[in-house]
$ cat data_23.cif   # mmCIF, C-alpha atoms and all ligand atoms
data_target
#
loop_
_atom_site.label_atom_id
_atom_site.label_comp_id
_atom_site.auth_asym_id
_atom_site.auth_seq_id
_atom_site.Cartn_x
_atom_site.Cartn_y
_atom_site.Cartn_z
CA MET A 1 67.74 122.15 144.49
CA LYS A 2 64.15 123.15 144.21
CA ARG A 3 65.26 125.62 141.58
CA HIS A 4 65.20 122.54 139.41
CA TYR A 5 61.43 122.71 139.19
CA SER A 6 61.21 126.17 137.76
CA HIS A 7 62.88 124.98 134.60
CA GLY A 8 60.35 122.22 134.21
CA GLY A 9 62.56 119.85 132.28
CA PRO A 10 62.42 119.19 128.57
CA VAL A 11 59.18 120.80 127.51
CA THR A 12 58.44 121.32 123.83
CA ALA A 13 57.95 124.90 122.72
CA GLY A 14 54.33 124.19 121.82
CA LEU A 15 53.55 122.68 125.15
CA ALA A 16 55.36 125.39 127.03
CA LEU A 17 53.24 127.91 125.22
CA ALA A 18 50.08 125.97 126.00
CA MET A 19 51.08 125.76 129.63
CA PHE A 20 51.87 129.43 129.72
CA ALA A 21 48.54 130.34 128.17
CA ALA A 22 46.75 128.04 130.57
CA ALA A 23 48.55 129.25 133.62
CA GLY A 24 48.66 132.86 132.64
CA THR A 25 45.96 133.87 135.06
CA SER A 26 48.19 136.55 136.50
CA VAL A 27 48.71 137.93 133.01
CA LEU A 28 44.98 137.87 132.37
CA ALA A 29 44.45 139.45 135.75
CA ALA A 30 46.64 142.37 134.81
CA GLN A 31 44.29 143.06 131.94
CA GLN A 32 41.07 142.27 133.76
CA ASP A 33 38.73 145.00 134.95
CA PHE A 34 38.19 144.19 138.62
CA SER A 35 35.83 147.11 139.14
CA GLN A 36 33.04 144.93 137.75
CA VAL A 37 33.78 141.93 139.96
CA GLN A 38 31.42 141.18 142.85
CA VAL A 39 32.70 139.16 145.79
CA GLU A 40 29.79 137.05 146.97
CA ALA A 41 29.62 135.04 150.18
CA THR A 42 27.73 131.77 150.64
CA HIS A 43 27.30 130.06 153.99
CA VAL A 44 28.65 126.49 153.84
CA ALA A 45 28.45 125.07 157.38
CA GLY A 46 29.00 126.28 160.95
CA PRO A 47 31.41 129.23 160.87
CA VAL A 48 32.55 128.42 157.31
CA TYR A 49 31.70 130.50 154.25
CA MET A 50 32.77 130.40 150.63
CA LEU A 51 33.61 133.63 148.78
CA VAL A 52 33.46 133.78 145.01
CA GLY A 53 34.80 136.73 143.03
CA ALA A 54 37.55 136.42 140.41
CA GLY A 55 40.35 133.87 140.68
CA GLY A 56 40.36 130.94 143.06
CA ASN A 57 37.55 130.30 145.50
CA ILE A 58 38.04 131.57 149.05
CA ALA A 59 36.99 129.81 152.27
CA VAL A 60 36.48 131.77 155.49
CA SER A 61 35.96 130.74 159.09
CA SER A 62 34.36 133.65 160.92
CA GLY A 63 33.52 133.64 164.62
CA PRO A 64 34.49 134.74 168.14
CA ASP A 65 38.21 134.09 167.52
CA GLY A 66 38.21 136.27 164.41
CA ALA A 67 38.51 135.27 160.78
CA LEU A 68 40.70 132.68 159.10
CA MET A 69 40.77 132.85 155.33
CA VAL A 70 41.93 130.33 152.72
CA ASP A 71 43.37 132.06 149.61
CA ASP A 72 42.84 135.69 148.61
CA GLN A 73 42.32 136.01 144.83
CA PHE A 74 43.82 139.20 143.33
CA ALA A 75 45.22 142.33 145.00
CA PRO A 76 42.67 144.76 143.46
CA LEU A 77 39.89 142.76 145.17
CA ALA A 78 41.28 143.14 148.70
CA ASP A 79 38.77 145.82 149.73
CA LYS A 80 35.84 143.83 148.34
CA ILE A 81 37.07 140.77 150.21
CA ARG A 82 37.32 142.84 153.42
CA ALA A 83 33.77 144.04 152.83
CA ALA A 84 32.63 140.43 152.48
CA LEU A 85 34.38 139.55 155.76
CA GLN A 86 32.46 142.41 157.41
CA GLU A 87 29.22 141.19 155.89
CA ILE A 88 29.58 137.60 157.15
CA GLY A 89 31.18 138.47 160.49
CA GLN A 90 28.60 138.81 163.23
CA SER A 91 30.79 141.34 165.05
CA GLU A 92 33.86 143.46 164.48
CA ALA A 93 35.85 140.72 166.16
CA ALA A 94 34.49 138.05 163.82
CA ALA A 95 35.50 140.09 160.77
CA ASP A 96 39.03 140.63 162.08
CA LEU A 97 41.37 138.60 159.87
CA LYS A 98 43.86 136.68 162.01
CA PHE A 99 45.10 133.89 159.75
CA LEU A 100 45.49 133.50 156.00
CA LEU A 101 46.25 130.10 154.48
CA ASN A 102 47.44 129.67 150.90
CA THR A 103 46.54 126.45 149.05
CA HIS A 104 49.46 127.07 146.62
CA PHE A 105 51.52 129.94 145.20
CA HIS A 106 49.62 130.87 141.99
CA GLY A 107 48.69 134.53 141.66
CA ASP A 108 44.94 133.98 141.44
CA HIS A 109 45.11 132.48 144.97
CA THR A 110 47.81 134.65 146.59
CA GLY A 111 47.39 138.00 144.82
CA GLY A 112 46.00 139.60 147.98
CA ASN A 113 48.85 138.37 150.21
CA ALA A 114 50.69 141.70 150.26
CA ASP A 115 47.50 143.44 151.43
CA PHE A 116 46.37 140.87 153.98
CA GLY A 117 49.86 139.91 155.14
CA THR A 118 50.20 143.18 157.03
CA GLU A 119 47.11 142.45 159.11
CA SER A 120 47.21 138.65 159.51
CA THR A 121 49.56 135.68 159.78
CA ILE A 122 50.09 133.87 156.49
CA ILE A 123 50.51 130.10 156.68
CA ALA A 124 51.51 127.86 153.75
CA HIS A 125 53.61 124.93 152.63
CA THR A 126 57.38 125.49 152.57
CA ASN A 127 57.43 125.46 148.76
CA VAL A 128 54.81 128.23 148.57
CA ARG A 129 57.12 130.55 150.47
CA GLU A 130 60.06 129.40 148.37
CA ARG A 131 58.23 130.11 145.10
CA LEU A 132 56.70 133.42 146.21
CA SER A 133 60.06 134.68 147.42
CA THR A 134 61.94 133.93 144.19
CA PRO A 135 61.21 134.97 140.58
CA GLN A 136 59.18 132.29 138.80
CA ASP A 137 60.01 131.71 135.17
CA ARG A 138 57.22 130.19 133.14
CA GLY A 139 58.21 129.80 129.52
CA GLY A 140 60.11 133.09 129.57
CA ASN A 141 57.36 134.92 131.43
CA VAL A 142 58.93 135.85 134.72
CA THR A 143 56.80 136.62 137.76
CA PRO A 144 58.95 138.70 140.13
CA ALA A 145 59.45 137.76 143.76
CA ALA A 146 56.63 138.91 146.05
CA PRO A 147 57.35 141.60 148.66
CA PRO A 148 58.24 140.38 152.19
CA GLU A 149 54.79 141.17 153.62
CA ALA A 150 53.23 138.78 151.05
CA LEU A 151 55.26 135.79 152.24
CA PRO A 152 54.00 133.06 154.58
CA VAL A 153 55.49 133.52 158.04
CA ILE A 154 54.55 130.06 159.25
CA THR A 155 55.49 127.24 156.89
CA PHE A 156 55.02 123.49 157.14
CA ASP A 157 56.23 120.45 155.24
CA GLU A 158 53.47 117.93 155.92
CA SER A 159 50.62 119.47 157.89
CA VAL A 160 49.68 122.12 160.40
CA ASN A 161 46.67 122.57 162.69
CA VAL A 162 45.01 125.87 163.51
CA HIS A 163 42.46 125.87 166.31
CA VAL A 164 39.91 128.64 165.86
CA ASN A 165 36.18 129.20 166.17
CA GLY A 166 35.55 125.93 167.92
CA GLU A 167 37.21 123.57 165.50
CA ARG A 168 40.52 122.18 164.32
CA ILE A 169 41.44 123.33 160.85
CA ILE A 170 44.16 121.20 159.33
CA ALA A 171 46.22 122.05 156.26
CA ILE A 172 47.65 118.90 154.69
CA HIS A 173 50.32 118.89 152.01
CA VAL A 174 49.54 116.84 148.90
CA PRO A 175 52.85 116.05 147.18
CA ARG A 176 53.37 116.64 143.46
CA GLY A 177 49.85 117.56 142.42
CA HIS A 178 48.85 120.85 140.83
CA THR A 179 52.25 122.24 142.01
CA ASP A 180 54.89 121.09 144.53
CA GLY A 181 53.34 123.13 147.33
CA ASP A 182 49.65 122.23 147.39
CA ALA A 183 47.70 121.91 150.60
CA VAL A 184 44.10 120.94 151.19
CA ILE A 185 42.43 122.73 154.11
CA HIS A 186 40.05 120.60 156.17
CA PHE A 187 37.60 122.28 158.55
CA THR A 188 37.19 119.16 160.66
CA GLY A 189 34.25 120.26 162.79
CA SER A 190 32.25 121.86 160.00
CA ASN A 191 32.99 118.94 157.67
CA VAL A 192 34.18 121.15 154.83
CA ILE A 193 37.38 120.93 152.78
CA HIS A 194 39.01 123.45 150.44
CA MET A 195 40.99 121.49 147.85
CA GLY A 196 42.67 124.37 146.02
CA ASP A 197 43.50 123.71 142.39
CA LEU A 198 43.86 119.98 142.95
CA PHE A 199 40.16 119.95 142.11
CA PHE A 200 38.35 121.71 139.27
CA VAL A 201 34.71 120.71 139.06
CA GLY A 202 33.73 119.18 135.71
CA ARG A 203 36.80 120.55 133.95
CA PHE A 204 40.21 119.23 133.01
CA PRO A 205 42.72 120.29 135.63
CA PHE A 206 45.78 122.41 135.20
CA VAL A 207 48.91 120.58 136.30
CA ASP A 208 51.81 123.02 136.55
CA LEU A 209 54.66 120.73 135.49
CA GLY A 210 57.11 123.64 135.60
CA ALA A 211 56.29 124.12 139.29
CA GLY A 212 56.64 120.51 140.39
CA GLY A 213 53.14 119.32 139.50
CA SER A 214 52.53 115.78 138.24
CA VAL A 215 49.45 114.14 136.76
CA GLU A 216 50.22 110.92 138.65
CA GLY A 217 50.75 112.84 141.87
CA LEU A 218 47.40 114.54 141.33
CA GLN A 219 45.76 111.17 140.66
CA ASP A 220 47.25 109.75 143.88
CA GLY A 221 46.22 112.79 145.90
CA ILE A 222 42.61 112.60 144.75
CA ALA A 223 42.47 108.83 145.35
CA GLU A 224 43.79 109.40 148.87
CA GLY A 225 41.18 112.10 149.50
CA LEU A 226 38.37 109.85 148.36
CA SER A 227 39.55 107.07 150.64
CA VAL A 228 39.78 109.14 153.82
CA LEU A 229 37.19 111.93 153.63
CA PRO A 230 33.71 111.51 155.12
CA GLU A 231 31.02 110.75 152.55
CA ASP A 232 28.93 113.80 153.48
CA ILE A 233 31.75 116.36 153.39
CA GLN A 234 31.23 119.59 151.42
CA ILE A 235 34.06 120.38 149.01
CA ILE A 236 35.22 123.84 147.94
CA PRO A 237 37.14 123.42 144.68
CA GLY A 238 39.88 125.78 143.50
CA HIS A 239 37.53 126.90 140.75
CA GLY A 240 33.87 126.06 140.23
CA PRO A 241 30.83 125.65 142.48
CA LEU A 242 30.59 124.07 145.93
CA SER A 243 30.80 120.31 145.39
CA ASP A 244 30.53 116.91 147.05
CA MET A 245 32.08 113.44 147.03
CA ASP A 246 30.10 112.40 143.93
CA ASP A 247 31.70 115.28 142.02
CA LEU A 248 35.13 114.26 143.30
CA ARG A 249 34.54 110.63 142.29
CA GLU A 250 33.54 111.73 138.80
CA TYR A 251 36.71 113.84 138.61
CA LYS A 252 38.81 110.84 139.67
CA ARG A 253 37.17 108.66 137.05
CA MET A 254 38.07 111.28 134.43
CA LEU A 255 41.67 111.37 135.69
CA ASP A 256 41.95 107.57 135.71
CA GLU A 257 40.42 107.13 132.27
CA THR A 258 42.18 109.92 130.42
CA ILE A 259 45.58 109.22 132.03
CA GLY A 260 45.09 105.50 131.38
CA LEU A 261 44.22 106.17 127.75
CA VAL A 262 47.34 108.26 127.20
CA ARG A 263 49.59 105.77 129.00
CA GLU A 264 48.24 102.92 126.84
CA GLN A 265 49.01 104.85 123.67
CA MET A 266 52.47 105.85 124.90
CA ASP A 267 53.25 102.21 125.69
CA ALA A 268 52.31 101.44 122.07
CA GLY A 269 54.73 104.14 120.88
CA ALA A 270 52.26 106.93 120.05
CA THR A 271 53.49 110.50 119.60
CA VAL A 272 51.89 113.38 121.46
CA GLU A 273 50.27 114.47 118.17
CA GLN A 274 48.65 111.04 117.80
CA VAL A 275 47.43 111.17 121.39
CA VAL A 276 45.88 114.59 120.82
CA GLU A 277 44.36 113.40 117.54
CA ARG A 278 42.64 110.51 119.27
CA GLY A 279 41.19 112.80 121.95
CA PRO A 280 40.20 112.16 125.57
CA GLY A 281 37.23 109.89 124.74
CA ASP A 282 33.65 110.99 124.00
CA GLU A 283 32.54 111.11 127.62
CA TRP A 284 35.17 113.66 128.59
CA GLU A 285 35.13 115.98 125.56
CA GLY A 286 32.88 118.43 127.40
CA TRP A 287 35.44 118.81 130.20
CA GLY A 288 37.56 120.99 127.92
CA GLN A 289 35.34 124.05 128.34
CA GLY A 290 37.44 125.60 131.11
CA PHE A 291 40.87 127.12 130.64
CA ILE A 292 42.38 123.72 129.90
CA ASN A 293 40.99 122.29 126.68
CA ALA A 294 41.28 118.61 125.69
CA GLU A 295 44.42 119.17 123.66
CA ARG A 296 46.25 120.85 126.53
CA TRP A 297 45.14 118.25 129.01
CA LEU A 298 46.36 115.39 126.79
CA GLN A 299 49.67 117.19 126.15
CA THR A 300 50.10 117.71 129.87
CA ILE A 301 49.50 114.03 130.61
CA TYR A 302 51.92 113.02 127.87
CA GLN A 303 54.63 115.36 129.13
CA SER A 304 54.12 114.43 132.76
CA LEU A 305 54.28 110.68 132.08
CA SER A 306 57.36 111.24 129.89
CA ASP A 307 59.04 113.08 132.77
CA GLU A 308 58.26 110.20 135.10
CA ASN A 309 59.76 107.75 132.61
CA ASP A 310 62.85 109.91 132.29
CA ALA A 311 63.14 109.84 136.04
CA ASP A 312 62.97 106.05 135.98
CA TYR A 313 65.61 105.71 133.32
CA GLY A 314 68.04 108.38 134.39
CA PRO A 315 68.84 112.00 133.77
CA VAL A 316 67.92 113.66 130.50
CA ASP A 317 68.28 117.32 131.31
CA PRO A 318 71.89 118.40 130.97
CA ASP A 319 71.16 121.80 132.55
CA HIS A 320 70.81 120.23 135.93
CA GLY A 321 73.71 117.83 135.83
CA ALA A 322 71.49 115.22 137.41
CA GLY A 323 72.99 111.97 138.54
CA PRO A 324 71.37 108.54 138.77
CA GLY A 325 68.34 108.50 140.98
CA HIS A 326 67.79 112.19 140.49
CA SER A 327 64.11 112.34 139.84
CA HIS A 328 61.14 114.49 140.68
CA ASP A 329 60.09 111.90 143.23
CA HIS A 330 63.43 112.00 144.86
CA GLU A 331 63.48 115.76 144.89
CA HIS A 332 60.12 115.81 146.46
CA GLU A 333 61.03 113.49 149.29
CA LYS A 334 63.47 116.08 150.49
CA GLY A 335 60.41 118.20 151.07
CA GLY A 336 62.31 121.37 150.36
CA SER A 337 63.09 121.77 154.04
CA ASN A 338 66.75 122.25 153.33
CA HIS A 339 66.06 125.38 151.31
CA PRO A 340 66.14 128.78 152.90
ZN ZN B 1 46.61 127.24 140.63
#

$ encode --input "data_23.cif" --output "structure tokens" --more "lines below"
Ligand SMILES: [Zn+2]
Amino acid sequence: MKRHYSHGGPVTAGLALAMFAAAGTSVLAAQQDFSQVQVEATHVAGPVYMLVGAGGNIAVSSGPDGALMVDDQFAPLADKIRAALQEIGQSEAAADLKFLLNTHFHGDHTGGNADFGTESTIIAHTNVRERLSTPQDRGGNVTPAAPPEALPVITFDESVNVHVNGERIIAIHVPRGHTDGDAVIHFTGSNVIHMGDLFFVGRFPFVDLGAGGSVEGLQDGIAEGLSVLPEDIQIIPGHGPLSDMDDLREYKRMLDETIGLVREQMDAGATVEQVVERGPGDEWEGWGQGFINAERWLQTIYQSLSDENDADYGPVDPDHGAGPGHSHDHEHEKGGSNHP
């Protein structure tokens, strides 16, 4: 049952709190004054633009077939986002939103779904719909189910193509990364990719272990991206400025080195406190300036690797009555397609 993920396994109170604080963007959003936020558009390539306001970065394809948007930040910004679509659209038709893709379910990427869902077709991974349509419990902080109009109406398990404005736009599921429902959106003709929260530029990432994320899954997903994407592709990260393959390589090196460092210490029997004490290594200290500081990142790695080990050695969480072979990997392979 995918419900399994929302409990997140055996997480220490301290870590749960850290995760909550890190992931609490929707909580912050509730307190944030959006009247001061500007939504600014930058041309990236061909029909593709990047919109920056508050919350996750947005990508837009705007042209004769209308607009396709990737993510939608927060509900109070919907009118400013519409104004930005008008500004970049060269005609009424080009500003007309037809499709909305979600890179994952988090509120700083899907907050506008209820607004835009009434005027466009929302497309996302199966697990995004599953999580948006059920209450999500994060360390006791429950996000209620989204209204029906906010839910994706087209869902996919592996990938889906949308053909608009002269190019094929493909959404590809990356298993077990930031969450269990991440997709990267590749504008194949314009040579641009939106990587959602799988990629934070120059900052430690947030891996939502309670929502099926995994540091090793993230590491694998980024390695895969680096091996298949064209060298001159432009990359829109979930948060941070427009980036390129050098930035992604640097990010992968950080993942490899910090995860490797924690694994080494765990193999030698270190506690999470000792791992935090040692730190991520001098080179990566500065990556803790975003909403995940070094301590949280190291705790997340430790917890994620512990979960993987538990999966290898059998069930540890009595709540779920798991049998042998019941692991996050195994759960994931089912792809969630058997859930309503
Ligand atoms: Zn996110």

$ closest_atom_pairs --input "data_23.cif" --of "chain A" --to "ligand ZN 1 (chain B)" --cutoff "9 Å" --atoms "only C-alpha atoms and all ligand atoms" --output "Markdown table"
| residue | atom | partner | partner_atom | distance |
| --- | --- | --- | --- | --- |
| A:Ala23 | CA | B:ZN1 | ZN | 7.5 |
| A:Thr25 | CA | B:ZN1 | ZN | 8.7 |
| A:Gly56 | CA | B:ZN1 | ZN | 7.7 |
| A:Thr103 | CA | B:ZN1 | ZN | 8.5 |
| A:His104 | CA | B:ZN1 | ZN | 6.6 |
| A:Phe105 | CA | B:ZN1 | ZN | 7.2 |
| A:His106 | CA | B:ZN1 | ZN | 4.9 |
| A:Gly107 | CA | B:ZN1 | ZN | 7.7 |
| A:Asp108 | CA | B:ZN1 | ZN | 7.0 |
| A:His109 | CA | B:ZN1 | ZN | 7.0 |
| A:His178 | CA | B:ZN1 | ZN | 6.8 |
| A:Thr179 | CA | B:ZN1 | ZN | 7.7 |
| A:Asp182 | CA | B:ZN1 | ZN | 8.9 |
| A:Gly196 | CA | B:ZN1 | ZN | 7.3 |
| A:Asp197 | CA | B:ZN1 | ZN | 5.0 |
| A:Leu198 | CA | B:ZN1 | ZN | 8.1 |
| A:Phe206 | CA | B:ZN1 | ZN | 7.3 |
| A:Val207 | CA | B:ZN1 | ZN | 8.3 |
| A:Asp208 | CA | B:ZN1 | ZN | 7.8 |
| A:Gly238 | CA | B:ZN1 | ZN | 7.5 |

$ closest_residue --input "data_23.cif" --among "A:Gln234, A:Asn57, A:Asn191, A:Gln265" --to "Asp247 of chain A" --atoms "all atoms listed in the file"
A:Gln234

$ closest_residue --input "data_23.cif" --among "A:Leu298, A:Val39, A:Val164, A:Val228" --to "Thr271 of chain A" --atoms "only C-alpha atoms"
A:Leu298

$ closest_residue --input "data_23.cif" --among "A:Leu132, A:Leu209, A:Ala84, A:Val192" --to "Gly46 of chain A" --atoms "all atoms listed in the file"
A:Val192

$ residues_around --input "data_23.cif" --residues "His43 of chain A" --least-positions-apart "3" --cutoff "10 Å" --atoms "only C-alpha atoms" --output "PyMOL selection string"
chain A and resi 46-51+59-60+88

$ atom_distance --input "data_23.cif" --atom1 "atom CA of Val184 of chain A" --atom2 "atom CA of Leu218 of chain A"
12.2 Å

$ atom_distance --input "data_23.cif" --atom1 "atom CA of Ile301 of chain A" --atom2 "atom CA of Pro175 of chain A"
17.0 Å

$ closest_residue --input "data_23.cif" --among "A:Val201, A:Gln299, A:His239, A:Ser227" --to "Tyr251 of chain A" --atoms "all atoms listed in the file"
A:Val201

$ closest_residue --input "data_23.cif" --among "A:Ser159, A:Ser214, A:Ser91, A:Ser133" --to "Pro147 of chain A" --atoms "all atoms listed in the file"
A:Ser133

$ atom_distance --input "data_23.cif" --atom1 "atom CA of Leu77 of chain A" --atom2 "atom CA of Glu149 of chain A"
17.2 Å
